[in-house]
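Okay, start39.cif now, which holds mmCIF, C-alpha atoms:
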data_input
loop_
_atom_site.label_atom_id
_atom_site.label_comp_id
_atom_site.auth_asym_id
_atom_site.auth_seq_id
_atom_site.Cartn_x
_atom_site.Cartn_y
_atom_site.Cartn_z
CA MET V 28 94.85 87.68 81.85
CA ASN V 29 97.80 89.10 83.72
CA ARG V 30 101.30 88.56 82.48
CA SER V 31 104.55 89.37 84.22
CA LEU V 32 107.03 91.55 82.38
CA THR V 33 110.61 92.52 83.07
CA PRO V 34 111.20 95.81 81.22
CA ARG V 35 114.49 96.08 79.34
CA PRO V 36 116.18 98.98 77.61
CA PRO V 37 116.40 98.83 73.80
CA GLY V 38 119.02 96.34 72.66
CA SER V 39 119.53 94.88 76.12
CA THR V 40 119.52 91.15 76.74
CA GLY V 41 120.02 91.38 80.50
CA ARG V 42 118.10 92.63 83.49
CA THR V 43 117.15 96.28 83.69
CA ALA V 44 119.63 98.29 85.73
CA VAL V 45 118.16 100.49 88.41
CA GLY V 46 118.75 104.16 87.73
CA ARG V 47 121.06 106.29 89.80
CA PHE V 48 119.79 108.88 92.26
CA GLY V 49 122.70 111.20 92.92
CA PRO V 50 123.37 114.88 93.70
CA ALA V 51 122.10 116.10 90.31
CA GLU V 52 118.79 114.30 90.75
CA LEU V 53 118.49 115.60 94.30
CA ARG V 54 119.01 119.21 93.19
CA LEU V 55 116.37 118.77 90.49
CA ALA V 56 113.91 117.24 92.95
CA MET V 57 114.35 120.05 95.48
CA ALA V 58 114.19 122.91 92.97
CA ALA V 59 110.48 123.85 93.13
CA PRO V 60 109.08 126.38 92.71
CA ARG V 61 112.03 127.42 90.51
CA PRO V 62 111.83 126.31 86.85
CA VAL V 63 114.46 123.60 86.33
CA GLY V 64 114.84 120.72 83.89
CA GLY V 65 111.83 121.77 81.86
CA LEU V 66 109.55 121.64 84.91
CA THR V 67 107.67 124.62 86.31
CA SER V 68 105.39 125.22 89.29
CA GLU V 69 101.92 126.69 89.41
CA TRP V 70 99.07 126.97 91.88
CA ARG V 71 95.32 126.77 91.33
CA VAL V 72 92.52 126.90 93.85
CA VAL V 73 90.91 123.45 93.78
CA ASP V 74 87.96 122.68 96.03
CA GLY V 75 88.86 125.70 98.15
CA LEU V 76 92.56 124.81 98.58
CA ARG V 77 95.55 126.43 96.86
CA THR V 78 97.03 123.37 95.18
CA HIS V 79 100.57 123.19 93.83
CA THR V 80 101.41 121.34 90.62
CA ARG V 81 104.81 120.68 89.08
CA ARG V 82 104.42 120.25 85.34
CA SER V 83 106.28 119.91 82.06
CA ALA V 84 105.63 121.62 78.77
CA ASP V 85 103.54 119.86 76.13
CA PRO V 86 106.08 118.15 73.82
CA GLY V 87 103.64 118.38 70.90
CA THR V 88 103.58 114.64 70.26
CA GLY V 89 99.83 114.27 70.70
CA ALA V 90 100.45 111.73 73.46
CA PRO V 91 98.04 111.74 76.41
CA PRO V 92 98.83 113.60 79.63
CA VAL V 93 100.37 111.62 82.47
CA VAL V 94 99.46 112.61 86.03
CA LEU V 95 101.78 111.39 88.80
CA VAL V 96 100.37 111.10 92.33
CA HIS V 97 102.79 110.86 95.24
CA GLY V 98 102.67 108.61 98.29
CA LEU V 99 102.50 109.06 102.03
CA ALA V 100 104.67 111.71 103.72
CA VAL V 101 106.21 112.86 100.45
CA SER V 102 105.37 115.14 97.52
CA HIS V 103 106.07 115.93 93.87
CA ARG V 104 109.78 116.03 94.74
CA TYR V 105 110.62 112.32 94.63
CA LEU V 106 108.56 111.89 91.44
CA THR V 107 110.72 114.43 89.59
CA PRO V 108 113.03 111.83 87.96
CA LEU V 109 110.02 110.08 86.46
CA ALA V 110 108.47 113.38 85.34
CA VAL V 111 111.68 114.26 83.51
CA ALA V 112 111.89 110.78 81.96
CA LEU V 113 108.36 111.13 80.56
CA ALA V 114 108.46 114.79 79.51
CA ALA V 115 109.98 114.18 76.07
CA THR V 116 106.89 112.25 74.95
CA ASN V 117 104.01 113.24 77.23
CA PRO V 118 102.70 116.32 79.04
CA VAL V 119 103.36 115.53 82.71
CA TYR V 120 101.56 116.91 85.78
CA VAL V 121 102.61 116.21 89.37
CA PRO V 122 100.13 117.70 91.87
CA ASP V 123 100.83 117.89 95.60
CA LEU V 124 97.94 116.38 97.53
CA PRO V 125 96.26 118.61 100.15
CA GLY V 126 98.59 119.18 103.09
CA PHE V 127 101.70 117.89 101.32
CA GLY V 128 104.54 119.50 99.42
CA LEU V 129 103.73 123.08 98.45
CA SER V 130 99.95 122.71 98.56
CA GLU V 131 97.80 124.42 101.16
CA HIS V 132 97.12 122.60 104.43
CA PRO V 133 93.49 121.68 105.12
CA ARG V 134 92.33 121.55 108.72
CA GLY V 135 92.64 117.79 109.09
CA ALA V 136 94.28 114.88 107.30
CA TYR V 137 92.28 113.70 104.30
CA ASP V 138 91.43 110.02 103.96
CA VAL V 139 91.71 108.13 100.67
CA ARG V 140 88.21 109.07 99.47
CA ARG V 141 88.66 112.75 100.17
CA HIS V 142 92.03 112.79 98.41
CA ALA V 143 90.41 111.04 95.42
CA ASP V 144 87.63 113.63 95.37
CA HIS V 145 90.21 116.43 95.47
CA LEU V 146 92.14 114.83 92.61
CA ALA V 147 88.92 114.54 90.58
CA ALA V 148 88.29 118.26 91.19
CA TRP V 149 91.91 118.97 90.20
CA LEU V 150 91.39 117.13 86.88
CA ALA V 151 88.24 119.15 86.26
CA ALA V 152 90.04 122.40 87.05
CA TYR V 153 92.74 121.61 84.48
CA GLN V 154 90.14 120.44 81.93
CA LEU V 155 92.35 117.56 80.89
CA PRO V 156 91.22 114.82 78.52
CA PRO V 157 91.25 111.30 79.97
CA VAL V 158 94.69 110.87 81.49
CA CYS V 159 97.17 108.15 82.22
CA LEU V 160 97.15 108.21 86.01
CA LEU V 161 100.07 106.89 88.07
CA GLY V 162 99.84 106.55 91.82
CA HIS V 163 102.73 105.38 93.96
CA SER V 164 102.30 103.71 97.35
CA PHE V 165 99.50 105.60 99.18
CA GLY V 166 99.00 107.48 95.91
CA ALA V 167 98.05 104.15 94.33
CA GLU V 168 95.20 103.89 96.83
CA VAL V 169 94.03 107.37 95.83
CA THR V 170 94.26 106.71 92.09
CA ALA V 171 92.54 103.33 92.40
CA ALA V 172 89.65 105.03 94.21
CA LEU V 173 89.48 107.72 91.51
CA ALA V 174 89.62 105.19 88.66
CA ALA V 175 86.83 103.17 90.30
CA THR V 176 84.53 106.15 90.80
CA HIS V 177 85.42 108.35 87.78
CA PRO V 178 86.22 105.87 84.98
CA ASP V 179 85.66 108.43 82.21
CA ALA V 180 88.53 110.57 83.56
CA VAL V 181 91.11 107.76 83.44
CA ARG V 182 92.51 106.53 80.13
CA ALA V 183 95.00 104.17 81.75
CA LEU V 184 96.19 103.44 85.28
CA VAL V 185 99.60 102.66 86.76
CA LEU V 186 99.70 101.35 90.32
CA ALA V 187 103.30 101.60 91.51
CA GLY V 188 104.08 99.86 94.79
CA PRO V 189 100.41 99.86 95.85
CA THR V 190 99.61 99.83 99.55
CA THR V 191 98.28 98.52 101.83
CA ASP V 192 99.01 94.80 101.88
CA PRO V 193 96.06 93.21 103.74
CA ALA V 194 98.54 90.95 105.55
CA ALA V 195 100.17 94.01 107.18
CA ARG V 196 97.25 96.35 107.69
CA SER V 197 98.46 98.23 110.78
CA ARG V 198 100.64 101.27 111.42
CA ARG V 199 103.18 99.09 113.24
CA ASP V 200 103.48 96.60 110.38
CA GLN V 201 103.76 99.31 107.75
CA PHE V 202 106.36 101.23 109.72
CA GLY V 203 108.40 98.06 110.17
CA ARG V 204 108.35 97.37 106.45
CA TRP V 205 109.30 100.97 105.75
CA LEU V 206 112.34 100.65 108.02
CA VAL V 207 113.48 97.61 106.06
CA ASP V 208 112.93 99.47 102.80
CA SER V 209 114.93 102.48 104.00
CA LEU V 210 118.02 100.25 104.08
CA ARG V 211 117.48 99.34 100.42
CA GLU V 212 116.92 102.83 99.01
CA ALA V 213 119.41 105.31 97.56
CA PRO V 214 120.66 107.34 100.56
CA LEU V 215 120.23 110.72 98.87
CA GLN V 216 116.47 110.27 98.94
CA ALA V 217 116.62 111.01 102.68
CA PRO V 218 116.78 114.83 102.34
CA ILE V 219 113.59 114.73 100.28
CA LEU V 220 111.78 112.74 102.96
CA VAL V 221 112.94 115.11 105.71
CA ARG V 222 111.83 118.16 103.74
CA ASP V 223 108.46 116.63 102.85
CA VAL V 224 107.68 115.49 106.39
CA TRP V 225 108.53 118.97 107.63
CA ASN V 226 106.20 120.52 105.03
CA ALA V 227 103.34 118.15 105.88
CA ARG V 228 104.01 117.96 109.65
CA PRO V 229 104.50 114.60 111.40
CA TRP V 230 100.98 114.51 112.82
CA ARG V 231 99.51 114.67 109.31
CA VAL V 232 101.77 111.86 108.14
CA LEU V 233 100.70 109.62 111.05
CA ALA V 234 97.02 110.46 110.60
CA THR V 235 97.23 109.72 106.87
CA LEU V 236 98.95 106.41 107.63
CA SER V 237 96.01 105.53 109.85
CA HIS V 238 93.65 106.29 106.97
CA SER V 239 95.79 104.18 104.65
CA VAL V 240 95.76 101.03 106.76
CA ARG V 241 91.98 101.28 107.17
CA ASN V 242 91.42 101.59 103.41
CA ALA V 243 90.56 98.32 101.65
CA ILE V 244 92.14 99.05 98.26
CA GLU V 245 91.04 95.65 96.97
CA ALA V 246 87.43 96.87 96.90
CA ASP V 247 88.47 99.57 94.41
CA LEU V 248 90.80 97.36 92.36
CA VAL V 249 88.00 95.05 91.25
CA ARG V 250 86.05 98.09 89.98
CA VAL V 251 88.85 99.51 87.80
CA SER V 252 87.95 99.32 84.11
CA ALA V 253 90.96 101.12 82.61
CA PRO V 254 93.96 99.21 81.21
CA THR V 255 96.32 98.94 84.15
CA VAL V 256 99.93 98.17 85.01
CA VAL V 257 100.99 97.17 88.51
CA VAL V 258 104.69 97.98 88.80
CA THR V 259 106.95 97.19 91.74
CA GLY V 260 110.59 96.66 92.53
CA ASP V 261 111.62 93.08 93.16
CA ARG V 262 113.28 94.15 96.44
CA ASP V 263 110.23 96.02 97.76
CA PRO V 264 109.44 94.85 101.34
CA VAL V 265 106.35 97.09 101.52
CA VAL V 266 104.76 95.30 98.55
CA PRO V 267 105.96 91.68 98.72
CA GLN V 268 105.45 89.24 95.85
CA ARG V 269 102.26 87.68 97.20
CA TRP V 270 100.52 91.07 97.49
CA ARG V 271 101.75 92.49 94.19
CA ASP V 272 100.52 89.34 92.41
CA GLU V 273 97.16 89.59 94.17
CA ALA V 274 96.79 93.30 93.35
CA ALA V 275 97.42 92.61 89.66
CA ARG V 276 94.97 89.70 89.70
CA LEU V 277 92.19 91.79 91.20
CA VAL V 278 92.22 94.41 88.41
CA PRO V 279 90.29 93.05 85.41
CA GLU V 280 92.70 94.49 82.79
CA ALA V 281 96.10 94.44 84.49
CA THR V 282 99.69 93.59 83.64
CA LEU V 283 102.41 93.11 86.24
CA VAL V 284 105.84 94.72 85.75
CA VAL V 285 108.61 93.87 88.22
CA VAL V 286 111.78 95.96 88.06
CA PRO V 287 114.88 94.02 89.13
CA GLY V 288 117.02 95.64 91.79
CA ALA V 289 114.48 98.29 92.78
CA ALA V 290 112.93 98.65 96.22
CA HIS V 291 109.72 100.50 97.14
CA ASN V 292 110.63 103.82 95.52
CA VAL V 293 110.84 102.29 92.07
CA VAL V 294 109.51 105.53 90.54
CA THR V 295 112.54 107.41 91.89
CA THR V 296 115.38 104.96 91.38
CA ALA V 297 114.16 103.29 88.17
CA PRO V 298 112.38 106.13 86.31
CA THR V 299 113.37 104.92 82.84
CA ALA V 300 111.92 101.45 83.44
CA VAL V 301 108.69 102.92 84.81
CA ALA V 302 108.44 105.43 81.94
CA ASP V 303 108.90 102.57 79.47
CA ALA V 304 106.12 100.61 81.19
CA ILE V 305 103.81 103.64 80.87
CA ARG V 306 104.58 104.07 77.18
CA HIS V 307 104.09 100.36 76.60
CA LEU V 308 100.72 100.51 78.37
CA LEU V 309 99.54 103.35 76.14
CA ALA V 310 101.03 102.34 72.80
CA PRO V 311 99.50 98.89 72.23
CA HIS V 312 95.93 100.08 72.80
CA PRO V 313 94.67 101.93 69.70
CA ALA V 314 91.14 101.62 71.08
CA LEU V 315 92.17 103.99 73.85
CA THR V 316 92.16 106.85 71.36
CA ASP V 317 88.37 106.59 71.33
CA ARG V 318 88.01 107.00 75.10
#

Encoded form using structure tokens:
Amino acid sequence: MNRSLTPRPPGSTGRTAVGRFGPAELRLAMAAPRPVGGLTSEWRVVDGLRTHTRRSADPGTGAPPVVLVHGLAVSHRYLTPLAVALAATNPVYVPDLPGFGLSEHPRGAYDVRRHADHLAAWLAAYQLPPVCLLGHSFGAEVTAALAATHPDAVRALVLAGPTTDPAARSRRDQFGRWLVDSLREAPLQAPILVRDVWNARPWRVLATLSHSVRNAIEADLVRVSAPTVVVTGDRDPVVPQRWRDEAARLVPEATLVVVPGAAHNVVTTAPTAVADAIRHLLAPHPALTDR
């Protein structure tokens, strides 16, 4: 059964405050490939493509690895605050999907299935044990597809701001919702978006959006067997309440976490709340150690 949670910091009796995204966070996000904040860059050839990954050191806690998968038009950069928030307790990996960030460009724009296949090959290349997999926005579509088709690779799943709402399954509708969301986000996220769109090229972004709106994520959600959290901001116009509730209902073992004050980029502006949700997902499940 799903239950709705509002994450709170230790000792707090009020609503979770959304984290700040200021100049320091922007510098950290834009630093790759330079080592900064305990994060380093590396490249491996995965399925014939030179694939970039931003990663943390292993903190030696024995906690499972967490793999963060970015959304449409963006890259590892905007996930950096969450990577840093998790790095004290978990090894963190943030790969750039093919054609995005600092990864090699394939000839065309991959659809959801091909991205999921590439991510499965990436996991095999790194020889990781079953991971906690977080996908944000379009990345949630990719991770849902991977969890449905490769259940042994996924210890737990976090779907952050999952697209695409069936009620707005067109490029026009999604772009309109994104425009509304842009007015609710921290302004200093804009340089990241500009840099990432430039790296990917606008045509790839539009082609990937077309793939996204044609992907029926609900068909994958019902096949997910891993313990799952669906996390969204309560001011997210891309993932309105009706759709976030439906997404959580479709996954057999899902909990819904709604972060007050956050918009679509909850992983960027509320990294502490999302990191707490991940730790909460992993900690109460001793049976997961046998997976």

Pick from V:Thr259, V:Thr67, V:Thr296, V:Thr282: nearest to Thr190 of chain V, with only C-alpha atoms counted?
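The answer is V:Thr259, which sits nearest to Thr190 of chain V.
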
Apply the PyMOL selection byres ((chain V and resi 298) around 9) to the displayed file and report the matching residues as a PyMOL selection string.
chain V and resi 45-46+106+108-113+293-297+299-303

Residues picked by the PyMOL selection byres ((chain V and resi 144-156) around 8) here, as a list in words?
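Listing what the PyMOL selection byres ((chain V and resi 144-156) around 8) selects in the shown file: Val73, Asp74, Pro91, Pro92, Leu124, Pro125, Arg140, Arg141, His142, Ala143, Pro157, Val158, Leu173, His177 and Ala180 of chain V.
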
Got a sec to resolve the PyMOL selection byres ((chain V and resi 290) around 10) on this structure and send the residues as JSON, numbers by chain?
{"V": [45, 188, 207, 208, 209, 210, 211, 212, 213, 259, 260, 261, 262, 263, 264, 265, 266, 286, 287, 288, 289, 291, 292, 293, 294, 295, 296, 297]}

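Counting from atom CA of Gly162 of chain V, the distance to atom CA of His97 of chain V is 6.2 Å.
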
Would you mind reading off the distance between atom CA of Leu99 of chain V and atom CA of Trp230 of chain V, one decimal, in Å?
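One can read the atom CA of Leu99 of chain V to atom CA of Trp230 of chain V distance as 12.2 Å.
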
Using only C-alpha atoms, find each residue in segment 66-170 of chain V having at least one atom no more than 7 Å away from segment 238-252 of chain V; report its shortest atom-to-atom pair and that distance in Å (one decimal), rows by chain then rising number, as CSV.
residue,atom,partner,partner_atom,distance
V:Asp138,CA,V:His238,CA,5.3
V:Val139,CA,V:His238,CA,6.8
V:Phe165,CA,V:Ser239,CA,6.8
V:Glu168,CA,V:Ile244,CA,5.9

Selection from above, C-alpha atoms, as a short mmCIF file (atom, residue, chain, number, x, y, z; two decimals), in the coordinates of the input, can you write it?
data_model
loop_
_atom_site.label_atom_id
_atom_site.label_comp_id
_atom_site.auth_asym_id
_atom_site.auth_seq_id
_atom_site.Cartn_x
_atom_site.Cartn_y
_atom_site.Cartn_z
CA ASP V 138 91.43 110.02 103.96
CA VAL V 139 91.71 108.13 100.67
CA PHE V 165 99.50 105.60 99.18
CA GLU V 168 95.20 103.89 96.83
#

Rebuild segment 258-284 of chain V to N, CA and C atoms - output it as an mmCIF file, in the coordinates of the input, please.
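The new file result-v9.cif reads:
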data_model
loop_
_atom_site.group_PDB
_atom_site.id
_atom_site.type_symbol
_atom_site.label_atom_id
_atom_site.label_comp_id
_atom_site.auth_asym_id
_atom_site.auth_seq_id
_atom_site.Cartn_x
_atom_site.Cartn_y
_atom_site.Cartn_z
ATOM 1 N N VAL V 258 103.234 98.011 88.903
ATOM 2 C CA VAL V 258 104.690 97.980 88.800
ATOM 3 C C VAL V 258 105.309 98.066 90.189
ATOM 4 N N THR V 259 106.247 97.182 90.455
ATOM 5 C CA THR V 259 106.950 97.190 91.740
ATOM 6 C C THR V 259 108.418 96.862 91.503
ATOM 7 N N GLY V 260 109.224 97.147 92.516
ATOM 8 C CA GLY V 260 110.590 96.660 92.530
ATOM 9 C C GLY V 260 110.638 95.263 93.111
ATOM 10 N N ASP V 261 111.574 94.453 92.647
ATOM 11 C CA ASP V 261 111.620 93.080 93.160
ATOM 12 C C ASP V 261 112.235 92.996 94.551
ATOM 13 N N ARG V 262 112.747 94.124 95.072
ATOM 14 C CA ARG V 262 113.280 94.150 96.440
ATOM 15 C C ARG V 262 112.409 95.014 97.354
ATOM 16 N N ASP V 263 111.149 95.158 97.007
ATOM 17 C CA ASP V 263 110.230 96.020 97.760
ATOM 18 C C ASP V 263 109.639 95.242 98.941
ATOM 19 N N PRO V 264 110.010 95.566 100.193
ATOM 20 C CA PRO V 264 109.440 94.850 101.340
ATOM 21 C C PRO V 264 108.046 95.357 101.714
ATOM 22 N N VAL V 265 107.675 96.545 101.230
ATOM 23 C CA VAL V 265 106.350 97.090 101.520
ATOM 24 C C VAL V 265 105.285 96.392 100.684
ATOM 25 N N VAL V 266 105.670 95.992 99.472
ATOM 26 C CA VAL V 266 104.760 95.300 98.550
ATOM 27 C C VAL V 266 105.426 93.974 98.159
ATOM 28 N N PRO V 267 105.320 92.963 99.022
ATOM 29 C CA PRO V 267 105.960 91.680 98.720
ATOM 30 C C PRO V 267 105.272 90.972 97.558
ATOM 31 N N GLN V 268 105.922 89.907 97.067
ATOM 32 C CA GLN V 268 105.450 89.240 95.850
ATOM 33 C C GLN V 268 104.003 88.775 95.954
ATOM 34 N N ARG V 269 103.620 88.190 97.082
ATOM 35 C CA ARG V 269 102.260 87.680 97.200
ATOM 36 C C ARG V 269 101.234 88.786 97.003
ATOM 37 N N TRP V 270 101.490 89.975 97.598
ATOM 38 C CA TRP V 270 100.520 91.070 97.490
ATOM 39 C C TRP V 270 100.541 91.710 96.109
ATOM 40 N N ARG V 271 101.735 91.870 95.520
ATOM 41 C CA ARG V 271 101.750 92.490 94.190
ATOM 42 C C ARG V 271 101.052 91.590 93.178
ATOM 43 N N ASP V 272 101.208 90.257 93.309
ATOM 44 C CA ASP V 272 100.520 89.340 92.410
ATOM 45 C C ASP V 272 99.004 89.419 92.610
ATOM 46 N N GLU V 273 98.590 89.506 93.870
ATOM 47 C CA GLU V 273 97.160 89.590 94.170
ATOM 48 C C GLU V 273 96.568 90.892 93.650
ATOM 49 N N ALA V 274 97.285 92.006 93.838
ATOM 50 C CA ALA V 274 96.790 93.300 93.350
ATOM 51 C C ALA V 274 96.594 93.268 91.839
ATOM 52 N N ALA V 275 97.547 92.695 91.119
ATOM 53 C CA ALA V 275 97.420 92.610 89.660
ATOM 54 C C ALA V 275 96.279 91.681 89.258
ATOM 55 N N ARG V 276 96.058 90.625 90.024
ATOM 56 C CA ARG V 276 94.970 89.700 89.700
ATOM 57 C C ARG V 276 93.601 90.332 89.895
ATOM 58 N N LEU V 277 93.487 91.203 90.888
ATOM 59 C CA LEU V 277 92.190 91.790 91.200
ATOM 60 C C LEU V 277 91.700 92.754 90.126
ATOM 61 N N VAL V 278 92.615 93.448 89.448
ATOM 62 C CA VAL V 278 92.220 94.410 88.410
ATOM 63 C C VAL V 278 91.889 93.637 87.139
ATOM 64 N N PRO V 279 90.697 93.849 86.568
ATOM 65 C CA PRO V 279 90.290 93.050 85.410
ATOM 66 C C PRO V 279 91.243 93.128 84.217
ATOM 67 N N GLU V 280 91.828 94.317 83.960
ATOM 68 C CA GLU V 280 92.700 94.490 82.790
ATOM 69 C C GLU V 280 94.081 94.945 83.262
ATOM 70 N N ALA V 281 94.831 94.040 83.891
ATOM 71 C CA ALA V 281 96.100 94.440 84.490
ATOM 72 C C ALA V 281 97.263 93.588 84.002
ATOM 73 N N THR V 282 98.423 94.234 83.920
ATOM 74 C CA THR V 282 99.690 93.590 83.640
ATOM 75 C C THR V 282 100.624 93.885 84.810
ATOM 76 N N LEU V 283 101.458 92.937 85.150
ATOM 77 C CA LEU V 283 102.410 93.110 86.240
ATOM 78 C C LEU V 283 103.806 93.342 85.672
ATOM 79 N N VAL V 284 104.460 94.405 86.128
ATOM 80 C CA VAL V 284 105.840 94.720 85.750
ATOM 81 C C VAL V 284 106.680 94.750 87.021
#
